[in-house]
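The structure under discussion appears below in the form of structure tokens.
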Amino acid sequence: QELSIDADIRPRLEYLNGFGSLLPDGVDAGLFVQQRSRLKFGYTTDKFSTYLSVQDVSVWGDTPQIAAADNNNSFSLAQAWIDFKFGSGWSTKLGRQALSYDDQRIFGGLDWAMQGRFHDAALLKYSKEGFKFDLGVAFNQNGVSRQTTLFDPNNAGNARAVFDYKGMVYAWLHKDWEKFSASVLVANNSYQNLGDDGQTPVDGNVNRQTFGTHLVAKPTKGLSIAANVYGQTGEFTEDIDLSAYNAMLEVTYKPGKTLFGLGFETLSGDENGGTDGEIESFFPIFGTNHKFNGYMDYFYVGNHANNVGLNDIYAKTVIKTGEKSSLLLKAHYFSGAESLGDNVDDYLGTEIDIVFTQKLLAFATLKIGYSHMFASDSMEILKGVPEPA
């Protein structure tokens, strides 16, 4: 038997001057300190394990010093699950949990966000001799109801946010070989039908499917080749179909202590917003999207959905600067996968990301990052900010 008690405390100072979108003229940059304070309890035996994590995510100063109660609703249950092992290699995992697979493009724990991402789900798992299989099921409701199963996912006015599904079924298969690994993912997400106002739940569901593969080859020491190919199909709404794709190829080489990498990713886009009865814009449904397409989060981090898509050509290097420190340098060249309009250049901008990491102690790490977006005139059109600061 093993009992573990851990704390995760992360204060982060952020200076945001055009982060996520261009800053309008005359608007000042944002500056704040946000902190995650997470307490984690784990218990493990031969056939059974359980995990409980509670957290507070708040901004320094958003709770008055002598307030009798914390009224900012910052306390939450991050994870709470039980895992039973049975048979040879089989287990079942039930409860609130993070779902993270492969490079986290489609399913990720989203640890960059202070609150992270969780799913309330039931999993059947199998793992043996380099082969893994997960079958997951989820069914979401607003609360206890004696009548109907209508689900109201109204998330800050967005009644059909992609994250707030009514039901989900997915399967993930993974196999490791000596110099190659492959994963296959198939997921179906159900969303409640909405009335004519686009907000009120009505009977019936729409279903969207995401499917594809993640491949990694390591033909020789220090060389790694990774590829993703994903598709999306099904119903976007009751009246609009979905047909989209995502592909990525990345090559990294680490001859010594320095890593070099080149990559290209494309996410399909839509020119007319579905007015022709079909949305062709890919959205990485539950991924850790901050990890991809630049740390400025201009694309797919709560934005750029149902838009012109994206082509991202990037290069990176990770330099070992000391025994316990490293420097990441990464550059992105962004362009739209579809046209923004007649006589509008597809080129959106170039981004530079720099992150210095220093391990201070066995349990403490310091990170300092700077990112800069060199936006084009087309980015101003895309973001709807014609005269950015």
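Ordered as shown in the structure tokens, chains take letters A, B, and onward, while each chain numbers its residues from 1 and ligands are numbered from 1 in the order shown.
Omitting A:Val186 and its sequence neighbours fewer than 2 positions away, and counting only C-alpha atoms, the residues within 6 Å are Tyr170, Ala171, Thr210 and Phe211 of chain A.
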Output for the residues just chosen: N, CA and C atoms as a compact mmCIF listing (two decimals), in the first residue's frame:
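File written: again.txt
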# COMPACT_ATOMS: atom_id res chain seq x y z
N TYR A 170 -15.21 7.00 -27.21
CA TYR A 170 -13.97 7.02 -27.97
C TYR A 170 -13.17 5.75 -27.72
N ALA A 171 -12.30 5.45 -28.67
CA ALA A 171 -11.39 4.32 -28.54
C ALA A 171 -10.00 4.78 -28.97
N THR A 210 -14.28 12.49 -34.77
CA THR A 210 -12.88 12.83 -34.99
C THR A 210 -12.09 11.53 -35.00
N PHE A 211 -11.24 11.34 -36.01
CA PHE A 211 -10.53 10.07 -36.14
C PHE A 211 -9.18 10.31 -36.82
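Near A:Tyr253, within a cut-off of 9 Å and counting only C-alpha atoms, sit the residues A:Lys221, A:Gly222, A:Leu223, A:Ser224, A:Ile225, A:Thr258, A:Leu259, A:Phe260, A:Gly261, with same-chain residues fewer than 4 positions away left out.
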Which residues of stretch 176-267 of chain A come within 10 Å of stretch 333-345 of chain A, and for each one, what is the closest pair of atoms and their distance in Å to one decimal, counting only C-alpha atoms, sorted by chain and residue number, as a tab-separated table?
residue	atom	partner	partner_atom	distance
A:Phe264	CA	A:Tyr333	CA	9.6
A:Glu265	CA	A:Phe334	CA	9.9
A:Thr266	CA	A:Ala337	CA	7.1
A:Leu267	CA	A:Ala337	CA	7.0
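With only C-alpha atoms as the atoms that count, the minimum distance from A:Phe118 to the choices A:Arg96, A:Arg105, A:Arg12, A:His290 is reached by A:Arg96.
When only C-alpha atoms are used to compute distances to A:Lys320, the closest of the residues A:Gly256, A:Gly273, A:Gly204, A:Gly87 turns out to be A:Gly256.
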I'd like a table as a Markdown table: residues in stretch 131-166 of chain A with an atom no more than 12 Å from stretch 300-306 of chain A, each row giving the shortest atom pair and its distance in Å to one decimal, only C-alpha atoms counted, sorted by chain and rising residue number.
| residue | atom | partner | partner_atom | distance |
| --- | --- | --- | --- | --- |
| A:Asn155 | CA | A:Gly302 | CA | 11.9 |
| A:Asn158 | CA | A:Gly302 | CA | 11.4 |
| A:Ala161 | CA | A:Gly302 | CA | 9.5 |
| A:Val162 | CA | A:Ala305 | CA | 9.5 |
| A:Phe163 | CA | A:Gly302 | CA | 10.1 |
Restricted to C-alpha atoms, what would the selected residues look like written as a CSV table (one decimal), in the first residue's frame?
chain,number,residue,atom,x,y,z
A,155,ASN,CA,-20.9,28.3,-21.6
A,158,ASN,CA,-21.9,29.9,-26.2
A,161,ALA,CA,-19.0,25.2,-27.1
A,162,VAL,CA,-17.1,22.2,-28.5
A,163,PHE,CA,-15.8,21.2,-25.0
Next on the checklist: Show me, as JSON, numbers by chain, the residues that have an atom within 12 Å of A:Asn289 when counting only C-alpha atoms, minus same-chain residues fewer than 6 positions from it.
Outcome noted: {"A": [103, 104, 105, 106, 107, 108, 109, 110, 111, 112, 113, 116, 117, 283, 295, 296, 297, 298, 299, 300, 301, 302, 303, 304]}
Item to check | Nearest candidate to A:Asn205 (options A:Lys175, A:Lys93, A:Lys218, A:Lys166; using only C-alpha atoms) | outcome: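 Between A:Lys175, A:Lys93, A:Lys218, A:Lys166, the residue approaching A:Asn205 most closely is A:Lys166.
Using only C-alpha atoms, the shortest contact distance between A:Ser326 and any of A:Leu310, A:Ile354, A:Val33, A:Val59 is found at A:Ile354.
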Can you pull out every residue within 8 Å of A:Tyr230, counting only C-alpha atoms, but drop anything in the same chain fewer than 4 positions away, and send it as a CSV table (one decimal) with N, CA, C and O atoms, in the first residue's frame?
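The result, stored in out_24.csv:
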chain,number,residue,atom,x,y,z
A,210,THR,N,-14.3,12.5,-34.8
A,210,THR,CA,-12.9,12.8,-35.0
A,210,THR,C,-12.1,11.5,-35.0
A,210,THR,O,-12.3,10.7,-34.1
A,211,PHE,N,-11.2,11.3,-36.0
A,211,PHE,CA,-10.5,10.1,-36.1
A,211,PHE,C,-9.2,10.3,-36.8
A,211,PHE,O,-9.0,11.3,-37.6
A,212,GLY,N,-8.2,9.4,-36.5
A,212,GLY,CA,-6.9,9.6,-37.2
A,212,GLY,C,-5.8,8.8,-36.5
A,212,GLY,O,-6.1,7.9,-35.6
A,213,THR,N,-4.6,9.1,-36.8
A,213,THR,CA,-3.5,8.4,-36.3
A,213,THR,C,-2.3,9.3,-35.9
A,213,THR,O,-2.1,10.4,-36.5
A,245,TYR,N,-9.9,18.4,-41.9
A,245,TYR,CA,-8.8,17.5,-41.8
A,245,TYR,C,-7.6,18.3,-41.1
A,245,TYR,O,-7.6,19.5,-41.1
A,246,ASN,N,-6.7,17.5,-40.5
A,246,ASN,CA,-5.5,18.1,-39.9
A,246,ASN,C,-4.3,17.1,-40.2
A,246,ASN,O,-4.5,15.9,-40.1
A,247,ALA,N,-3.2,17.7,-40.6
A,247,ALA,CA,-2.0,16.9,-40.8
A,247,ALA,C,-0.8,17.6,-40.3
A,247,ALA,O,-0.7,18.8,-40.4
Item to check | Nearest residue to A:Leu360 from the set A:Glu323, A:Arg10, A:Gly167, A:Asp134 (distances using only C-alpha atoms) | outcome: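 Going through A:Glu323, A:Arg10, A:Gly167, A:Asp134 one by one, the smallest distance to A:Leu360 is for A:Glu323.
Excluding A:Gly130 and any residue on its chain fewer than 4 positions from it, the residues at most 9 Å away by only C-alpha atoms are His174, Lys175, Asp176 and Trp177 of chain A.
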Checklist entry - By how many Å are atom CA of A:Gly42 and atom CA of A:Gln55 apart? => result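 Atom-to-atom, atom CA of A:Gly42 and atom CA of A:Gln55 are spaced 14.9 Å apart.
Using only C-alpha atoms, the protein and nucleic acid residues lying no more than 10 Å from A:Thr200, apart from those fewer than 4 places from it along its own chain, are A:Leu150, A:Phe151, A:Asp152, A:Pro153, A:Asn154, A:Ala159, A:Gln192, A:Asn193, A:Leu194, A:Gly195, A:Asp196.
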Next on the checklist: So that I can see what lies close to stretch 375-384 of chain A, please list as number ranges by chain the residues with an atom at most 7 Å from it, counting only C-alpha atoms and leaving out residues fewer than 5 positions away in the same chain.
Outcome noted: A: 21-22, 344-350
Checklist entry - With distances taken over only C-alpha atoms, which of A:Gly26, A:Tyr51, A:Val57, A:Ala67 is nearest to A:Leu94? => result A:Tyr51
Checklist entry - So which residues of stretch 39-196 of chain A fall under strand (DSSP E) by DSSP, listed as a PyMOL selection string? => result chain A and resi 39-44+48-59+75-86+90-97+119-128+131-139+167-176+180-194
